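To start, the structure itself, in structure tokens.
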Amino acid sequence: MQFNDERREIVQSASGSEDPMQIPISSKSPRSTQVHGKGSPVNHDRQSRSPIDGRPKKGGCGGKGTWGGLLDSDSSYALDPNDPNYDSSEEYGHPNARKSAPDFDAFKKKATIIVEEYFATDDVDSATNELKELAMPSYNYYFVKKLVSMAMDRHDHEKEMAAVLLSALYADVIDAPQVYRGFSKLVESADDLIVDIPDTVDILALFIARAVVDDILPPAFLKKQIALLPNDSKGVEVLERAEKGYLAAPMHAEIIERRWRVSKKTVEDVKARINNLLIEYVTSGDKKEAYRCIKDLKVPFFHHEIVKRALVMAMERRQAEDRLLDLLKEAAEEGLINSSQITKGFDRLIDTIEDLSLDIPNAQRILKSLISKATSDGWLCASSLRSFSLEPRKNLLEDNFTRTFKLKSQSIVQEYFLTGDISEVFSCIEAENKTSSGELNAIFVKRLITLAMDRKNREKEMASVLLSSLCFPADDVVNGFVMLIESADDTALDNPVVVEDLAMFLARAVVDEVLAPQHLEEVGSQFLGTDSIGGKVLQMAKSLLKARLSGERILRCWGGGGSSRPGWAVEDVKHKIGKLLEEYESGGDIREAYRCIKELGMPFFHHEVVKKAMVMVMEKKNERLWGLLAHCFGSGLITMNQMTKGFSRVEESLDDLALDVPDARKQFLAYVEKAKTTGWLDSSFHYGNSINGKDNGACQ
């Protein structure tokens with residue numbers, strides 16, 4: 001089988017044609033016929049586990065996860081004239097009947113038109129019917145290749161559309177061998193695709209992983225294709241990325257399924273529709289129509305906006321107050337708007353009541369009256385609301401300063417994403433937050449991660465690196481994550497994978513030792529129930545951290561700190577650090593050692609350099625490495641935060657170190673004082689009191 005397939009591909013490549021019938025190949029073995037699925041049974045009752053559109057997935061060929069129809073070794077088979085490897089001489093004994101090149105060229109043109117029209121209309125049924133009407137099933141592999149390759153060069157919306165269409169066409173229109181062959185062609189052409197699509201490796205890997213999750217491609221596809229490709233081809237990188245980067249990740253099916261989900265509704269669109277339905281309800285009084293419109297929005301996590309806008313409208317149009325309150329009351333009693341969304345809507349109005357008072361002079365008094373009515377009617381629990389006083393707040397200047405800091409934070413982060421200059425970020429934050437306000441630190445954390453979530457993996461990695469380099473207290477970082485989760489409902493309208501992104505940032509903060517594991521519980525305590533956004537983020541973050549080799553996987557989640565490699569294994573980095581320190585200690589050049597540390601591309605892991613260097617200094621009583629640390633600190637390569645973490649980790653290992661170095665504790669105390677004198681450590685650092693008592697987790 002492999003000989004025939006390889007021979008066919010070589011001749012096709014030489015001729016420049018993708019027509020599977022151009023090259024007559026006779027005397028196929030029964031096994032080759034089976035692998036391509038001739039006569040394999042199709043189970044039309046199998047349901048997909050893909051939740052995309054709820055349609056049944058067709059043609060499992062042996063059941064979920066087994067792919068028996070494709071890979072079984074049963075020698076019985078039936079010839080199929082529609083099979084791309086069909087050879088009429090096997091059945092009738094006369095020369096091969098093959099399609100002409102013009103037929104294939106016509107198919108290619110029509111396939112391109114079908115794909116372009118589908119991306120324009122998003123009409124799955126129309127695309128399906130048009131492909132059926134072509135009546136050239138032996139060329140359907142080309143349609144698979146064309147659909148995916150065109151989607152790769154477009155937005156996430158089109159990528160999701162392509163995945164949905166493939167799932168719909170599978171088995172009924174395009175049989176399993178044709179899907180298999182289409183993806184084979186894509187992998188083989190990865191070296192060509194990358195010329196026009198720089199992200200080919202990642203995008204095509206995700207398409208393959210999605211096809212496996214959707215049960216339209218067998219998991220065995222990856223290993224079989226790797227064996228057929230040259231080691232230096234981009235196709236190998238694609239398959240390895242699909243297997244290790246996507247399919248091996250915790251909760252990979254859910255993450256892959258939601259990766260390209262792009263909401264068609266923006267926040268402003270939804271707000272406008274809410275406003276319109278409330279105006280129409282006030283005019284007509286038709287509750288059924290109002291409830292239908294609310295359901296049609298399909299944003300239950302954003303129902304607090306309905307509550308808030310209905311209350312504001314009740315305050316502005318006093319004659320409509322009873323009608324609007326009645327709408328909210330019945331919606332709450334029917335479960336259309338749940339209690340947490342009701343509470344959140346009132347809380348948001350309380351937060352903005354001062355601004356609202358500029359337009360509605362009695363706004364505070366009216367709001368208090370509305371709260372009283374809702375509470376007495378039993379659809380609001382007043383005790384769960386934020387504190388509300390009729391006295392005006394006295395911190396208006398502080399609020400203005402906070403708003404200014406938010407704007408400046410955005411500029412700082414955007415500049416950092418362009419330059420990667422961490423020291424410049426430090427300078428800007430010190431200038432804007434001279435009092436080291438915890439509230440402003442939390443705002444900066446929120447702004448940093450919010451902007452990173454809306455960008456590519458490079459910026460997400462940069463955000464995690466910056467977060468680990470900042471010397472913010474853990475409580476400020478916790479508050480930043482709490483603020484992020486509180487606003488996640490709104491963020492979800494523009495970023496459907498906000499839960500996954502926040503969970504990964506939270507888990508990464510623990511691995512980078514920005515937060516200790518116990519801080520996760522502190523974040524979770526702010527949000528009740530596993531169904532809340534906060535509960536989901538916390539649960540996913542814990543799952544990521546509990547997974548096997550979690551530290552390594554989380555460190556590699558966005559590319560390993562900007563290294564040229566797709567990601568470093570923790571043990572690899574530790575080994576490289578040990579080697580470079582040994583080389584320098586034995587007489588190496590300080591500039592070379594500095595360059596090697598910098599090229600690791602993992603500034604959040606520099607505490608390991610400090611720890612290993614200090615251990616070697618105490619073991620060999622040779623302060624040459626102390627000079628290297630001084631050079632790295634003086635140039636800004638190793639920050640005070642990383643120095644502190646490094647010394648803390650040395651302290652934690654003193655019991656073991658003392659077995660080989662009896663005076664290790666005495667030496668460590670002396671070096672701590674020396675480090676304080678030179679400014680490496682803050683004066684608050686004391687022996688026996690590791691920084692924040694942090695658990696080193698996966699980085700040990």
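Chain labels follow the order of the structure tokens: the first chain is A, the next B, and so on; residue numbering restarts at 1 in every chain, and ligands are counted from 1 in their shown order.
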Using only C-alpha atoms, which protein or nucleic acid residues come within 10 Å of region 663-670 of chain A? Drop anything in the same chain fewer than 6 positions from it, and give the result as a PDB file with N, CA, C and O atoms, in the first residue's frame.
```pdb
ATOM      1  N   MET A 614      24.262  30.846  43.955  1.00  0.00           N
ATOM      2  CA  MET A 614      24.535  30.961  45.387  1.00  0.00           C
ATOM      3  C   MET A 614      24.936  29.612  45.989  1.00  0.00           C
ATOM      4  O   MET A 614      25.820  29.534  46.846  1.00  0.00           O
ATOM      5  N   VAL A 615      24.295  28.546  45.560  1.00  0.00           N
ATOM      6  CA  VAL A 615      24.655  27.211  46.053  1.00  0.00           C
ATOM      7  C   VAL A 615      26.094  26.881  45.678  1.00  0.00           C
ATOM      8  O   VAL A 615      26.880  26.366  46.491  1.00  0.00           O
ATOM      9  N   VAL A 617      28.494  29.036  45.009  1.00  0.00           N
ATOM     10  CA  VAL A 617      29.381  29.925  45.771  1.00  0.00           C
ATOM     11  C   VAL A 617      29.647  29.345  47.155  1.00  0.00           C
ATOM     12  O   VAL A 617      30.789  29.317  47.636  1.00  0.00           O
ATOM     13  N   MET A 618      28.598  28.839  47.813  1.00  0.00           N
ATOM     14  CA  MET A 618      28.762  28.311  49.174  1.00  0.00           C
ATOM     15  C   MET A 618      29.464  26.959  49.178  1.00  0.00           C
ATOM     16  O   MET A 618      30.208  26.638  50.098  1.00  0.00           O
ATOM     17  N   GLU A 619      29.222  26.152  48.150  1.00  0.00           N
ATOM     18  CA  GLU A 619      29.863  24.840  48.090  1.00  0.00           C
ATOM     19  C   GLU A 619      31.357  24.949  47.809  1.00  0.00           C
ATOM     20  O   GLU A 619      32.178  24.249  48.421  1.00  0.00           O
ATOM     21  N   LYS A 621      33.151  27.902  47.872  1.00  0.00           N
ATOM     22  CA  LYS A 621      33.748  29.071  48.528  1.00  0.00           C
ATOM     23  C   LYS A 621      34.549  29.898  47.522  1.00  0.00           C
ATOM     24  O   LYS A 621      35.681  30.318  47.772  1.00  0.00           O
ATOM     25  N   PHE A 647      17.097  33.945  46.596  1.00  0.00           N
ATOM     26  CA  PHE A 647      17.598  33.790  47.965  1.00  0.00           C
ATOM     27  C   PHE A 647      16.601  33.006  48.814  1.00  0.00           C
ATOM     28  O   PHE A 647      16.998  32.206  49.668  1.00  0.00           O
ATOM     29  N   VAL A 650      17.082  29.391  48.095  1.00  0.00           N
ATOM     30  CA  VAL A 650      18.298  28.876  48.739  1.00  0.00           C
ATOM     31  C   VAL A 650      18.013  28.587  50.209  1.00  0.00           C
ATOM     32  O   VAL A 650      18.398  27.538  50.745  1.00  0.00           O
ATOM     33  N   GLU A 651      17.298  29.511  50.861  1.00  0.00           N
ATOM     34  CA  GLU A 651      16.958  29.319  52.272  1.00  0.00           C
ATOM     35  C   GLU A 651      16.156  28.040  52.482  1.00  0.00           C
ATOM     36  O   GLU A 651      16.391  27.293  53.440  1.00  0.00           O
ATOM     37  N   LEU A 654      18.376  24.913  52.585  1.00  0.00           N
ATOM     38  CA  LEU A 654      19.534  24.910  53.490  1.00  0.00           C
ATOM     39  C   LEU A 654      19.699  23.600  54.257  1.00  0.00           C
ATOM     40  O   LEU A 654      20.822  23.159  54.517  1.00  0.00           O
ATOM     41  N   ASP A 655      18.581  22.968  54.621  1.00  0.00           N
ATOM     42  CA  ASP A 655      18.679  21.704  55.368  1.00  0.00           C
ATOM     43  C   ASP A 655      19.425  20.650  54.561  1.00  0.00           C
ATOM     44  O   ASP A 655      20.295  19.941  55.087  1.00  0.00           O
ATOM     45  N   ASP A 656      19.102  20.534  53.292  1.00  0.00           N
ATOM     46  CA  ASP A 656      19.797  19.575  52.430  1.00  0.00           C
ATOM     47  C   ASP A 656      21.227  20.022  52.151  1.00  0.00           C
ATOM     48  O   ASP A 656      22.154  19.209  52.132  1.00  0.00           O
ATOM     49  N   LEU A 657      21.409  21.315  51.944  1.00  0.00           N
ATOM     50  CA  LEU A 657      22.740  21.834  51.630  1.00  0.00           C
ATOM     51  C   LEU A 657      23.707  21.650  52.795  1.00  0.00           C
ATOM     52  O   LEU A 657      24.908  21.400  52.596  1.00  0.00           O
ATOM     53  N   HIS A 686      14.401  38.737  55.770  1.00  0.00           N
ATOM     54  CA  HIS A 686      15.047  38.167  56.959  1.00  0.00           C
ATOM     55  C   HIS A 686      15.181  36.677  56.806  1.00  0.00           C
ATOM     56  O   HIS A 686      14.310  36.003  56.244  1.00  0.00           O
ATOM     57  N   TYR A 687      16.251  36.150  57.313  1.00  0.00           N
ATOM     58  CA  TYR A 687      16.469  34.707  57.330  1.00  0.00           C
ATOM     59  C   TYR A 687      15.372  34.061  58.177  1.00  0.00           C
ATOM     60  O   TYR A 687      15.079  34.506  59.278  1.00  0.00           O
TER      61      TYR A 687
END
```
So, counting only C-alpha atoms, which residue among A:Lys145, A:Lys645, A:His157, A:Lys344 is closest to Ser469 (chain A)?
A:Lys645
Any idea what's packed within 7 Å of Ile366 (chain A), counting only C-alpha atoms, ignoring anything in its chain fewer than 4 positions away? Could you give it as a ChimeraX atom specification?
/A:315,362,370
Excluding Gln341 (chain A) and its own-chain neighbours fewer than 5 positions away, which residues fall within 10 Å of it when counting only C-alpha atoms? Please give them as a ChimeraX atom specification.
/A:300-308,332,346-347
Please, could you write that set of residues out with N, CA and C atoms as a tab-separated table (two decimals), in the first residue's frame?
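So out_30.tsv came out as:
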```
chain	number	residue	atom	x	y	z
A	300	PRO	N	-27.34	35.21	28.85
A	300	PRO	CA	-27.81	35.19	30.25
A	300	PRO	C	-26.81	35.79	31.23
A	301	PHE	N	-25.53	35.75	30.89
A	301	PHE	CA	-24.51	36.32	31.76
A	301	PHE	C	-24.49	37.85	31.70
A	302	PHE	N	-25.28	38.43	30.78
A	302	PHE	CA	-25.31	39.88	30.60
A	302	PHE	C	-26.67	40.46	30.98
A	303	HIS	N	-27.49	39.66	31.64
A	303	HIS	CA	-28.82	40.13	32.02
A	303	HIS	C	-28.79	41.26	33.05
A	304	HIS	N	-27.65	41.42	33.73
A	304	HIS	CA	-27.55	42.53	34.69
A	304	HIS	C	-27.68	43.88	33.98
A	305	GLU	N	-27.32	43.91	32.69
A	305	GLU	CA	-27.47	45.14	31.92
A	305	GLU	C	-28.96	45.47	31.71
A	306	ILE	N	-29.79	44.44	31.55
A	306	ILE	CA	-31.24	44.65	31.43
A	306	ILE	C	-31.77	45.27	32.71
A	307	VAL	N	-31.34	44.70	33.85
A	307	VAL	CA	-31.79	45.21	35.16
A	307	VAL	C	-31.37	46.66	35.33
A	308	LYS	N	-30.09	46.94	35.05
A	308	LYS	CA	-29.59	48.30	35.23
A	308	LYS	C	-30.34	49.29	34.35
A	332	ALA	N	-37.77	37.66	37.26
A	332	ALA	CA	-37.05	37.02	38.36
A	332	ALA	C	-37.81	35.80	38.85
A	346	PHE	N	-28.39	45.93	40.21
A	346	PHE	CA	-28.55	46.97	41.24
A	346	PHE	C	-27.18	47.50	41.69
A	347	ASP	N	-26.22	46.59	41.88
A	347	ASP	CA	-24.89	47.02	42.32
A	347	ASP	C	-24.24	47.96	41.31
```
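Between Leu418 (chain A) and the residues A:Ile353, A:Leu538, A:Met462, A:Cys471, the shortest atom-to-atom distance, using only C-alpha atoms, involves A:Met462.
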Within 8 Å of region 231-234 of chain A, counting only C-alpha atoms, which residues qualify if same-chain residues fewer than 6 places away don't, as a ChimeraX atom specification?
/A:187,190-191,201
Go ahead and dump the residues you just picked, C-alpha atoms, as a PDB file, in the first residue's frame.
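File produced: selection05.pdb:
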```
ATOM      1  CA  VAL A 187       0.228  18.716   5.806  1.00  0.00           C
ATOM      2  CA  ALA A 190       2.734  23.216   4.827  1.00  0.00           C
ATOM      3  CA  ASP A 191       6.131  24.367   3.524  1.00  0.00           C
ATOM      4  CA  VAL A 201       2.089  25.702  11.780  1.00  0.00           C
TER       5      VAL A 201
END
```
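Close contacts of Thr112 (chain A), defined as residues with an atom at most 12 Å away when counting only C-alpha atoms, with chain neighbours fewer than 5 positions off set aside, comprise Asp105, Ala106, Phe107, Glu117, Tyr118, Phe119, Ala127, Glu130, Leu131, Tyr142, Phe143, Val144, Lys145, Lys146, Leu147, Val148, Ser149, Met150 and Ala151 of chain A.
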Residue with smallest distance to Thr352 (chain A) - pool A:Leu407, A:Ala374, A:Ala227, A:Val312, counting only C-alpha atoms
A:Val312
Tell me which protein, DNA and RNA residues are within 10 Å of region 601-611 of chain A, counting only C-alpha atoms, leaving out same-chain ones fewer than 4 positions away, and put them as number ranges by chain.
A: 464-470, 511-514, 555, 560-565, 568, 570, 573-574, 576-578, 580-581, 596-597, 615-617, 625-626, 628-629, 637-651, 653, 699-700
Selection file, C-alpha atoms, as an mmCIF file, in the first residue's frame:
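again.cif, written as the output of this step:
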```
data_model
loop_
_atom_site.group_PDB
_atom_site.id
_atom_site.type_symbol
_atom_site.label_atom_id
_atom_site.label_comp_id
_atom_site.auth_asym_id
_atom_site.auth_seq_id
_atom_site.Cartn_x
_atom_site.Cartn_y
_atom_site.Cartn_z
ATOM 1 C CA SER A 464 3.010 36.971 32.122
ATOM 2 C CA VAL A 465 6.730 37.833 32.007
ATOM 3 C CA LEU A 466 6.031 41.418 33.070
ATOM 4 C CA LEU A 467 3.675 40.310 35.843
ATOM 5 C CA SER A 468 6.368 38.021 37.272
ATOM 6 C CA SER A 469 8.970 40.799 37.050
ATOM 7 C CA LEU A 470 6.899 43.436 38.870
ATOM 8 C CA VAL A 511 3.851 28.624 38.431
ATOM 9 C CA ASP A 512 5.838 31.879 38.159
ATOM 10 C CA GLU A 513 5.459 32.267 41.959
ATOM 11 C CA VAL A 514 3.700 35.605 41.591
ATOM 12 C CA LEU A 555 5.308 27.637 31.102
ATOM 13 C CA GLY A 560 8.178 29.844 26.531
ATOM 14 C CA GLY A 561 9.006 33.482 27.067
ATOM 15 C CA GLY A 562 9.697 34.522 23.510
ATOM 16 C CA SER A 563 12.443 31.960 22.891
ATOM 17 C CA SER A 564 13.058 30.898 19.348
ATOM 18 C CA ARG A 565 11.994 27.443 20.406
ATOM 19 C CA TRP A 568 11.345 25.164 27.060
ATOM 20 C CA VAL A 570 11.716 23.308 33.004
ATOM 21 C CA VAL A 573 16.291 25.268 31.429
ATOM 22 C CA LYS A 574 17.699 24.152 34.785
ATOM 23 C CA LYS A 576 21.311 24.937 30.712
ATOM 24 C CA ILE A 577 21.607 27.278 33.705
ATOM 25 C CA GLY A 578 23.808 24.773 35.528
ATOM 26 C CA LEU A 580 26.550 28.050 31.832
ATOM 27 C CA LEU A 581 27.357 28.706 35.506
ATOM 28 C CA CYS A 596 23.592 32.943 27.597
ATOM 29 C CA ILE A 597 21.341 33.991 30.484
ATOM 30 C CA VAL A 615 24.655 27.211 46.053
ATOM 31 C CA MET A 616 27.851 26.916 43.975
ATOM 32 C CA VAL A 617 29.381 29.925 45.771
ATOM 33 C CA LEU A 625 29.822 33.703 40.502
ATOM 34 C CA TRP A 626 28.930 36.482 42.950
ATOM 35 C CA LEU A 628 28.349 37.457 37.673
ATOM 36 C CA LEU A 629 25.208 38.084 39.741
ATOM 37 C CA LEU A 637 18.910 41.556 33.590
ATOM 38 C CA ILE A 638 18.058 40.088 37.012
ATOM 39 C CA THR A 639 15.532 42.127 38.983
ATOM 40 C CA MET A 640 15.238 42.565 42.734
ATOM 41 C CA ASN A 641 12.110 40.426 42.667
ATOM 42 C CA GLN A 642 14.007 37.536 41.054
ATOM 43 C CA MET A 643 16.935 38.046 43.453
ATOM 44 C CA THR A 644 14.557 37.822 46.400
ATOM 45 C CA LYS A 645 12.934 34.657 45.049
ATOM 46 C CA GLY A 646 16.357 33.124 44.421
ATOM 47 C CA PHE A 647 17.598 33.790 47.965
ATOM 48 C CA SER A 648 14.290 32.504 49.343
ATOM 49 C CA ARG A 649 14.725 29.232 47.457
ATOM 50 C CA VAL A 650 18.298 28.876 48.739
ATOM 51 C CA GLU A 651 16.958 29.319 52.272
ATOM 52 C CA SER A 653 17.137 24.160 50.620
ATOM 53 C CA CYS A 699 9.239 25.115 39.526
ATOM 54 C CA GLN A 700 10.976 23.079 42.242
#
```
Between A:Val498, A:Ile294, A:Val173, A:Ala541, which has the minimum distance to Ala135 (chain A) (counting only C-alpha atoms)?
A:Val173
Run DSSP on the backbone and give me the residues of region 278-370 of chain A it puts in alpha helix (DSSP H), as a PyMOL selection string.
chain A and resi 278-284+287-297+303-316+321-333+339-351+353-357+363-370
